[in-house]
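Engineer: If it helps, the file is called my_file17.txt and holds compact mmCIF, C-alpha atoms and all ligand atoms:
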```
# COMPACT_ATOMS: atom_id res chain seq x y z
CA MET A 19 110.81 122.14 139.13
CA VAL A 20 112.99 119.14 139.94
CA LEU A 21 112.23 116.25 137.62
CA ASP A 22 110.76 113.06 139.07
CA ILE A 23 113.28 110.60 137.59
CA ARG A 24 113.03 106.87 138.41
CA PHE A 25 116.44 105.36 137.74
CA THR A 26 117.05 101.94 136.20
CA ASP A 27 120.10 99.94 137.31
CA LYS A 28 121.62 100.52 133.84
CA PRO A 29 123.52 103.53 132.48
CA LEU A 30 120.43 104.65 130.52
CA GLY A 31 116.67 104.28 130.18
CA HIS A 32 115.72 106.28 133.27
CA ALA A 33 112.04 107.27 133.38
CA ILE A 34 110.63 110.74 133.95
CA HIS A 35 107.22 110.86 135.59
CA ASN A 36 104.71 113.62 136.36
CA VAL A 37 105.31 115.95 133.42
CA ASP A 38 102.91 116.93 130.66
CA LEU A 39 104.83 117.61 127.47
CA ARG A 40 101.91 119.64 126.09
CA LYS A 41 102.48 122.32 128.72
CA LEU A 42 106.18 122.39 129.35
CA ASP A 43 107.69 125.51 130.89
CA GLU A 44 111.20 126.52 129.92
CA SER A 45 112.91 125.38 133.12
CA THR A 46 111.35 121.88 132.95
CA PHE A 47 112.28 121.64 129.27
CA LYS A 48 115.88 122.48 130.21
CA GLU A 49 115.92 119.72 132.82
CA ILE A 50 114.63 117.19 130.26
CA ASP A 51 117.19 118.42 127.73
CA ALA A 52 119.95 118.00 130.35
CA ALA A 53 118.78 114.46 131.19
CA TYR A 54 118.67 113.57 127.48
CA LYS A 55 122.25 114.80 127.05
CA GLN A 56 123.50 113.09 130.19
CA TYR A 57 121.89 109.66 129.82
CA GLY A 58 121.33 109.31 126.06
CA VAL A 59 118.09 107.35 126.43
CA ILE A 60 115.23 108.61 128.58
CA VAL A 61 111.63 107.52 128.90
CA ILE A 62 108.80 109.94 129.60
CA ARG A 63 105.70 108.17 130.90
CA ASP A 64 101.97 108.83 130.64
CA GLN A 65 101.73 111.31 127.77
CA THR A 66 98.76 112.09 125.51
CA LEU A 67 100.26 113.61 122.40
CA SER A 68 98.57 114.54 119.12
CA PRO A 69 100.90 114.65 116.10
CA ASP A 70 101.03 118.46 116.51
CA ASP A 71 101.95 118.09 120.21
CA GLN A 72 104.74 115.63 119.40
CA LEU A 73 106.13 117.89 116.68
CA ALA A 74 106.03 120.97 118.93
CA PHE A 75 107.87 119.11 121.72
CA SER A 76 110.43 117.57 119.33
CA ARG A 77 111.20 120.91 117.65
CA ARG A 78 112.31 122.40 120.97
CA PHE A 79 115.44 120.23 120.62
CA GLY A 80 116.28 121.37 117.08
CA SER A 81 115.22 120.88 113.48
CA LEU A 82 113.65 117.60 112.38
CA ASP A 83 114.38 115.26 109.47
CA ARG A 84 111.85 113.56 107.26
CA PHE A 85 112.52 109.85 107.18
CA VAL A 86 113.90 108.44 103.92
CA PHE A 87 111.06 105.91 103.54
CA ASP A 88 108.54 108.53 102.48
CA ARG A 89 105.79 105.94 102.03
CA PHE A 90 105.29 105.74 105.79
CA ASN A 91 105.60 109.40 106.69
CA MET A 92 102.26 110.69 107.99
CA LYS A 93 100.50 112.43 105.10
CA THR A 94 99.29 115.37 107.20
CA HIS A 95 102.51 115.58 109.29
CA PRO A 96 105.36 114.28 107.10
CA GLU A 97 107.95 114.74 109.86
CA ILE A 98 106.21 111.93 111.75
CA PHE A 99 107.25 108.46 110.59
CA ILE A 100 104.82 105.64 111.34
CA VAL A 101 106.15 102.39 112.80
CA SER A 102 103.36 99.81 112.74
CA ASN A 103 102.24 96.33 111.75
CA ILE A 104 98.64 97.47 111.16
CA LEU A 105 97.01 96.90 107.76
CA GLU A 106 94.29 99.14 106.38
CA ASN A 107 92.43 97.74 103.36
CA GLY A 108 95.18 95.12 103.17
CA ALA A 109 97.98 97.70 102.95
CA PRO A 110 100.51 98.46 105.70
CA ILE A 111 100.14 101.88 107.32
CA GLY A 112 103.71 101.92 108.66
CA MET A 113 107.10 100.27 108.64
CA GLU A 114 106.90 96.98 110.50
CA ASP A 115 110.29 95.41 110.07
CA ALA A 116 112.24 98.17 111.77
CA GLY A 117 115.63 97.67 113.36
CA ARG A 118 115.76 94.10 114.66
CA TYR A 119 119.57 94.30 114.92
CA TRP A 120 121.78 96.44 117.19
CA HIS A 121 122.17 99.73 115.38
CA SER A 122 122.14 103.47 115.41
CA ASP A 123 119.68 104.98 112.95
CA MET A 124 120.90 105.80 109.45
CA TRP A 125 124.49 104.68 109.95
CA TYR A 126 124.59 104.53 106.11
CA VAL A 127 124.80 108.32 105.67
CA GLN A 128 127.73 110.64 106.38
CA LYS A 129 125.89 112.62 109.05
CA PRO A 130 123.29 110.44 110.76
CA PRO A 131 120.50 112.20 112.68
CA ARG A 132 121.13 113.09 116.31
CA GLY A 133 118.20 111.23 117.77
CA SER A 134 114.73 109.78 117.57
CA PHE A 135 111.67 110.23 119.76
CA LEU A 136 109.26 107.30 119.61
CA TYR A 137 105.75 107.72 121.01
CA ALA A 138 103.61 104.66 121.77
CA VAL A 139 100.01 104.92 120.53
CA GLU A 140 99.21 101.17 120.56
CA VAL A 141 101.33 98.47 122.23
CA PRO A 142 100.90 94.76 121.36
CA HIS A 143 100.08 92.46 124.27
CA ASP A 144 99.78 88.70 124.71
CA GLY A 145 97.32 88.93 127.61
CA VAL A 146 100.08 88.59 130.20
CA ARG A 147 102.64 91.18 129.19
CA PRO A 148 103.39 93.79 126.52
CA LEU A 149 105.32 92.66 123.43
CA GLY A 150 107.68 94.48 121.07
CA ASP A 151 110.19 95.60 123.72
CA THR A 152 113.09 97.77 122.58
CA CYS A 153 116.60 97.23 123.96
CA PHE A 154 119.16 100.00 124.43
CA THR A 155 122.83 100.20 125.34
CA SER A 156 125.12 103.17 125.87
CA THR A 157 128.05 103.54 123.48
CA GLN A 158 129.43 106.33 125.66
CA PHE A 159 129.49 104.09 128.71
CA ALA A 160 130.92 101.30 126.53
CA TYR A 161 133.79 103.52 125.43
CA GLU A 162 134.48 104.81 128.94
CA THR A 163 134.61 101.28 130.39
CA LEU A 164 136.65 99.62 127.62
CA PRO A 165 139.79 97.83 128.75
CA GLU A 166 142.76 100.10 127.96
CA GLU A 167 144.12 97.78 125.30
CA LEU A 168 140.84 97.75 123.34
CA LYS A 169 140.48 101.50 123.77
CA ARG A 170 143.91 102.02 122.23
CA GLU A 171 143.03 99.68 119.35
CA ALA A 172 139.77 101.47 118.57
CA GLU A 173 141.06 105.04 118.89
CA ASN A 174 142.12 106.72 115.68
CA ARG A 175 140.78 103.91 113.52
CA SER A 176 138.05 104.07 110.91
CA ALA A 177 135.85 101.30 109.59
CA ILE A 178 133.86 100.56 106.47
CA PHE A 179 130.10 100.38 107.08
CA SER A 180 128.63 98.44 104.18
CA SER A 181 125.00 98.41 103.05
CA ARG A 182 125.70 95.24 101.07
CA LYS A 183 126.97 93.46 104.17
CA TYR A 184 123.93 94.68 106.11
CA GLY A 185 121.59 93.41 103.37
CA GLU A 186 123.18 89.97 103.56
CA TYR A 187 123.18 90.01 107.36
CA VAL A 188 119.45 90.73 107.71
CA GLY A 189 118.40 88.93 104.52
CA HIS A 190 117.24 92.04 102.64
CA THR A 191 118.41 90.93 99.22
CA GLU A 192 116.84 92.31 96.05
CA GLU A 193 115.60 88.82 95.24
CA LYS A 194 113.71 88.59 98.54
CA ALA A 195 112.45 92.18 98.17
CA LYS A 196 110.52 91.39 94.99
CA ASP A 197 107.30 90.41 96.75
CA ASN A 198 107.68 92.32 99.98
CA VAL A 199 106.55 95.92 100.25
CA TYR A 200 108.83 96.68 103.23
CA LEU A 201 111.95 95.23 101.71
CA LYS A 202 111.20 96.93 98.40
CA ASP A 203 111.34 100.27 100.23
CA VAL A 204 114.48 99.34 102.12
CA VAL A 205 116.33 98.26 98.99
CA ALA A 206 115.05 101.27 96.99
CA ALA A 207 116.05 103.71 99.73
CA ARG A 208 119.54 102.23 99.95
CA GLN A 209 119.95 102.59 96.21
CA LYS A 210 118.66 106.17 96.35
CA ILE A 211 121.13 107.12 99.04
CA LYS A 212 123.98 105.60 97.05
CA ASP A 213 126.18 105.51 100.13
CA ASN A 214 126.53 101.75 99.77
CA VAL A 215 129.86 101.94 101.50
CA ILE A 216 130.70 104.61 104.02
CA GLU A 217 133.62 105.22 106.32
CA HIS A 218 133.12 106.22 109.96
CA PRO A 219 135.58 106.54 112.86
CA LEU A 220 135.23 103.75 115.43
CA VAL A 221 135.23 106.35 118.20
CA ARG A 222 133.27 109.53 117.61
CA VAL A 223 133.14 112.69 119.64
CA HIS A 224 129.54 113.59 120.37
CA PRO A 225 128.94 116.94 118.62
CA VAL A 226 126.72 118.27 121.44
CA THR A 227 128.17 116.81 124.66
CA GLY A 228 131.81 116.45 123.56
CA LYS A 229 131.91 112.93 125.05
CA LYS A 230 133.61 110.07 123.21
CA CYS A 231 131.33 107.23 122.09
CA LEU A 232 132.00 103.93 120.34
CA HIS A 233 130.68 103.96 116.79
CA ILE A 234 129.75 100.39 115.87
CA VAL A 235 126.75 98.59 114.38
CA GLU A 236 125.99 94.87 114.41
CA GLY A 237 126.47 92.98 111.13
CA VAL A 238 127.43 96.04 109.09
CA ILE A 239 131.15 96.69 109.45
CA SER A 240 133.03 94.93 106.66
CA GLU A 241 136.53 95.99 107.70
CA VAL A 242 138.55 98.17 110.03
CA ILE A 243 140.93 100.14 107.86
CA GLY A 244 144.57 99.15 108.32
CA LEU A 245 143.86 95.76 109.91
CA SER A 246 143.82 92.29 108.38
CA GLN A 247 140.35 90.78 107.91
CA ALA A 248 140.88 88.45 110.87
CA ASP A 249 142.09 91.24 113.20
CA SER A 250 139.33 93.50 112.00
CA ASP A 251 136.60 90.91 112.66
CA GLN A 252 138.11 90.14 116.06
CA LEU A 253 138.21 93.81 117.08
CA ILE A 254 134.59 94.45 116.04
CA SER A 255 133.43 91.29 117.87
CA ALA A 256 135.26 92.36 121.02
CA LEU A 257 133.81 95.90 120.89
CA LEU A 258 130.28 94.58 120.32
CA ALA A 259 130.60 91.98 123.08
CA HIS A 260 131.69 94.69 125.53
CA THR A 261 128.90 97.06 124.47
CA LEU A 262 126.18 94.40 124.64
CA ARG A 263 127.01 92.87 128.02
CA PRO A 264 123.61 91.93 129.52
CA GLU A 265 124.35 93.86 132.70
CA VAL A 266 124.45 97.18 130.81
CA VAL A 267 121.57 96.61 128.36
CA TYR A 268 118.25 98.27 129.21
CA ARG A 269 115.15 96.51 127.90
CA HIS A 270 112.20 98.86 127.57
CA GLN A 271 108.78 97.34 128.05
CA TRP A 272 106.38 99.77 126.36
CA ARG A 273 103.22 101.26 127.81
CA VAL A 274 100.74 103.31 125.81
CA GLY A 275 101.67 106.97 126.34
CA ASP A 276 105.43 106.41 126.64
CA ILE A 277 107.75 108.58 124.65
CA VAL A 278 111.29 107.21 124.49
CA MET A 279 114.00 109.64 123.40
CA TRP A 280 117.24 108.10 122.25
CA ASP A 281 120.48 109.73 121.27
CA ASN A 282 121.73 108.15 118.11
CA TYR A 283 125.40 108.92 118.82
CA SER A 284 125.66 107.77 122.43
CA ALA A 285 123.37 104.71 122.23
CA LEU A 286 122.50 101.66 120.14
CA HIS A 287 119.06 100.10 120.01
CA GLN A 288 117.42 96.87 118.88
CA ALA A 289 113.73 96.24 118.20
CA ASN A 290 111.95 93.02 119.11
CA GLY A 291 109.63 91.29 116.64
CA ASP A 292 107.83 88.92 119.02
CA PHE A 293 104.27 89.96 118.05
CA ARG A 294 101.84 89.27 115.19
CA LEU A 295 98.44 90.60 114.19
CA PRO A 296 95.88 90.78 115.75
CA GLN A 297 98.45 92.11 118.28
CA ARG A 298 98.70 95.68 117.03
CA ARG A 299 101.60 98.07 117.33
CA LEU A 300 101.44 101.75 116.41
CA MET A 301 104.23 104.22 117.13
CA HIS A 302 104.87 107.78 115.97
CA ARG A 303 108.49 108.70 115.49
CA THR A 304 110.15 112.08 115.08
CA THR A 305 113.79 112.35 114.02
CA LEU A 306 116.10 115.07 115.34
CA SER A 307 118.53 116.36 112.68
CA ALA A 308 122.30 116.22 113.03
CA PRO A 309 123.61 119.48 114.51
CA VAL A 310 125.44 121.76 112.09
CA SER A 311 128.66 120.98 113.96
CA ALA A 312 128.35 117.20 113.41
FE FE B 401 116.26 102.19 114.65
```
Do you think you could lay out the structure here as structure tokens?

Structural biologist:
Amino acid sequence: MVLDIRFTDKPLGHAIHNVDLRKLDESTFKEIDAAYKQYGVIVIRDQTLSPDDQLAFSRRFGSLDRFVFDRFNMKTHPEIFIVSNILENGAPIGMEDAGRYWHSDMWYVQKPPRGSFLYAVEVPHDGVRPLGDTCFTSTQFAYETLPEELKREAENRSAIFSSRKYGEYVGHTEEKAKDNVYLKDVVAARQKIKDNVIEHPLVRVHPVTGKKCLHIVEGVISEVIGLSQADSDQLISALLAHTLRPEVVYRHQWRVGDIVMWDNYSALHQANGDFRLPQRRLMHRTTLSAPVSA
């Protein structure tokens, strides 16, 4: 079978139509796997997936991680993490405040997971259009298109990724977390991980594709090792500005039945919080583990 791919005008976010992930033969799976490797973020439209179906599809790509915020892992299927703003009996059923800044998931651990697959069960809507879009940009494309001077500056340098700086940047202080169930989990998880400060190279080689990708996160990098604070801040700003140019950012407008697969090494993403109850959002996320070679 040759996949029906509808291309965006961006480096990523292309949409695959006319497949049913519940009955995927080996050759079609290989084509999807190849598209995932090549583009980093792909959308598969019009799926109807039970938690078992989503797990079976996700496991074809490798082993899965359980998310660190155990509170919102599905009780019957703990490898599915619930992203939602829905309340049941006054209590949240999922993580609402997820990723409103440009990031790759779990940058605060030594070996972040390879990817995430997010399946849309309910999509908020304002009567005119869907809300809660997710934006993506390719860090592989960003690296490949960097001006030579910036490329040279970023190569062979490492940076400090700081949970403290992140907490200040997004306002997740312990003081604020006192009365907020989400922030309580975020702060507790950070303390549990203990990697409050972690060093990553600014350019990483993708462990599966071998391609070089920029390794940056918004609001998190406290310093580039070996540079003055001013030079360090300037370099990170320049790398982010290049990576987030509007002409390369893909904005995904969700439809019920979409599954979006993103590669955590070759792409950054940013969630949009432009919806409120009674506009309901419910997503099921699976997380693909880092390969042994990472
Ligand atoms: Fe995220």

Engineer: Kindly indicate which residue among A:Ala53, A:Leu258, A:Met124, A:Ile98 lies nearest to ligand FE 401 (chain B), using all atoms listed in the file for the distances.

Structural biologist: A:Met124

Engineer: Go through the chains and note each residue within 8 Å of ligand FE 401 (chain B), using all atoms listed in the file, then give the set as a list in words.

Structural biologist: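 If we count all atoms listed in the file, the neighbours of ligand FE 401 (chain B) turn out to be Ala116, Gly117, His121, Ser122, Asp123, Met124, His287, Gln288 and Ala289 of chain A.
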
Engineer: May I ask which of the residues A:Lys169, A:Arg269, A:Arg24, A:His95 is the closest one to Leu220 (chain A), counting only C-alpha atoms?

Structural biologist: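 Looking only at the distances to Leu220 (chain A), the closest residue turns out to be A:Lys169.
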
Engineer: For CA of Tyr268 (chain A) and CA of Leu67 (chain A), determine how far apart the two atoms are, in Å to one decimal place.

Structural biologist: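 Answer for the CA of Tyr268 (chain A) to CA of Leu67 (chain A) separation: 24.6 Å.
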
Engineer: From the options A:Thr163, A:Asn214, A:Gln271, A:Gln158, which residue's atoms come nearest to Ile239 (chain A), counting all atoms listed in the file?

Structural biologist: A:Asn214

Engineer: Tell me, in Å to one decimal, how far CA of Leu262 (chain A) is from CA of Ala33 (chain A).

Structural biologist: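 Value for the CA of Leu262 (chain A)-CA of Ala33 (chain A) distance: 21.0 Å.
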
Engineer: Give me, as a PyMOL selection string, all polymer residues having an atom no more than 9 Å from Ala256 (chain A), counting all atoms listed in the file and skipping those fewer than 5 positions away in the same chain.

Structural biologist: chain A and resi 168+251+261

Engineer: Export C-alpha atoms of the chosen residues as a PDB file, in the coordinates of the input?

Structural biologist:
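After the write, out-v9.pdb holds the following:
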```pdb
ATOM      1  CA  LEU A 168     140.840  97.750 123.340  1.00  0.00           C
ATOM      2  CA  ASP A 251     136.600  90.910 112.660  1.00  0.00           C
ATOM      3  CA  THR A 261     128.900  97.060 124.470  1.00  0.00           C
TER       4      THR A 261
END
```

Engineer: What does the structure give for the distance between CA of Leu39 (chain A) and CA of Val101 (chain A), in Å to one decimal?

Structural biologist: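 CA of Val101 (chain A) lies 21.2 Å from CA of Leu39 (chain A).
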
Engineer: Any idea what's packed within 6 Å of His302 (chain A), counting only C-alpha atoms, ignoring anything in its chain fewer than 2 positions away? Could you give it as a list in words?

Structural biologist: Phe99, Ile100, Leu136 and Tyr137 of chain A

Engineer: Could you please take those selected residues and save C-alpha atoms as a short mmCIF file (atom, residue, chain, number, x, y, z; two decimals), keeping the file's coordinate frame?

Structural biologist:
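Result written to again15.cif:
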```cif
data_model
loop_
_atom_site.label_atom_id
_atom_site.label_comp_id
_atom_site.auth_asym_id
_atom_site.auth_seq_id
_atom_site.Cartn_x
_atom_site.Cartn_y
_atom_site.Cartn_z
CA PHE A 99 107.25 108.46 110.59
CA ILE A 100 104.82 105.64 111.34
CA LEU A 136 109.26 107.30 119.61
CA TYR A 137 105.75 107.72 121.01
#
```

Engineer: Output region 145-171 of chain A as a short mmCIF file (atom, residue, chain, number, x, y, z; two decimals), keeping the file's coordinate frame, making sure N, CA and C atoms are there.

Structural biologist:
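Resulting contents of out24.cif:
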```cif
data_model
loop_
_atom_site.label_atom_id
_atom_site.label_comp_id
_atom_site.auth_asym_id
_atom_site.auth_seq_id
_atom_site.Cartn_x
_atom_site.Cartn_y
_atom_site.Cartn_z
N GLY A 145 98.25 89.24 126.53
CA GLY A 145 97.32 88.93 127.61
C GLY A 145 98.01 88.87 128.96
N VAL A 146 99.31 88.64 128.96
CA VAL A 146 100.08 88.59 130.20
C VAL A 146 101.01 89.79 130.29
N ARG A 147 101.67 90.07 129.16
CA ARG A 147 102.64 91.18 129.19
C ARG A 147 102.70 91.85 127.82
N PRO A 148 103.23 93.11 127.80
CA PRO A 148 103.39 93.79 126.52
C PRO A 148 104.46 93.11 125.68
N LEU A 149 104.33 93.22 124.37
CA LEU A 149 105.32 92.66 123.43
C LEU A 149 106.00 93.81 122.67
N GLY A 150 107.00 93.45 121.87
CA GLY A 150 107.68 94.48 121.07
C GLY A 150 108.59 95.38 121.89
N ASP A 151 109.23 94.82 122.91
CA ASP A 151 110.19 95.60 123.72
C ASP A 151 111.31 96.16 122.83
N THR A 152 111.91 97.25 123.26
CA THR A 152 113.09 97.77 122.58
C THR A 152 114.26 97.77 123.56
N CYS A 153 115.42 97.26 123.10
CA CYS A 153 116.60 97.23 123.96
C CYS A 153 117.55 98.37 123.60
N PHE A 154 118.22 98.89 124.63
CA PHE A 154 119.16 100.00 124.43
C PHE A 154 120.46 99.72 125.17
N THR A 155 121.56 100.24 124.61
CA THR A 155 122.83 100.20 125.34
C THR A 155 123.61 101.47 125.04
N SER A 156 124.41 101.90 126.00
CA SER A 156 125.12 103.17 125.87
C SER A 156 126.50 102.97 125.23
N THR A 157 126.74 103.63 124.12
CA THR A 157 128.05 103.54 123.48
C THR A 157 129.05 104.48 124.15
N GLN A 158 128.53 105.46 124.87
CA GLN A 158 129.43 106.33 125.66
C GLN A 158 129.98 105.56 126.86
N PHE A 159 129.07 104.90 127.57
CA PHE A 159 129.49 104.09 128.71
C PHE A 159 130.42 102.96 128.24
N ALA A 160 130.09 102.39 127.07
CA ALA A 160 130.92 101.30 126.53
C ALA A 160 132.33 101.81 126.29
N TYR A 161 132.46 102.98 125.68
CA TYR A 161 133.79 103.52 125.43
C TYR A 161 134.52 103.77 126.74
N GLU A 162 133.82 104.41 127.68
CA GLU A 162 134.48 104.81 128.94
C GLU A 162 134.94 103.60 129.75
N THR A 163 134.28 102.46 129.57
CA THR A 163 134.61 101.28 130.39
C THR A 163 135.42 100.24 129.61
N LEU A 164 135.84 100.57 128.40
CA LEU A 164 136.65 99.62 127.62
C LEU A 164 137.96 99.34 128.32
N PRO A 165 138.42 98.09 128.29
CA PRO A 165 139.79 97.83 128.75
C PRO A 165 140.77 98.68 127.93
N GLU A 166 141.83 99.16 128.60
CA GLU A 166 142.76 100.10 127.96
C GLU A 166 143.28 99.61 126.60
N GLU A 167 143.54 98.31 126.53
CA GLU A 167 144.12 97.78 125.30
C GLU A 167 143.13 97.93 124.13
N LEU A 168 141.87 97.62 124.39
CA LEU A 168 140.84 97.75 123.34
C LEU A 168 140.61 99.21 122.98
N LYS A 169 140.67 100.07 124.00
CA LYS A 169 140.48 101.50 123.77
C LYS A 169 141.56 102.00 122.82
N ARG A 170 142.79 101.59 123.09
CA ARG A 170 143.91 102.02 122.23
C ARG A 170 143.72 101.50 120.81
N GLU A 171 143.22 100.26 120.69
CA GLU A 171 143.03 99.68 119.35
C GLU A 171 141.94 100.41 118.56
#
```
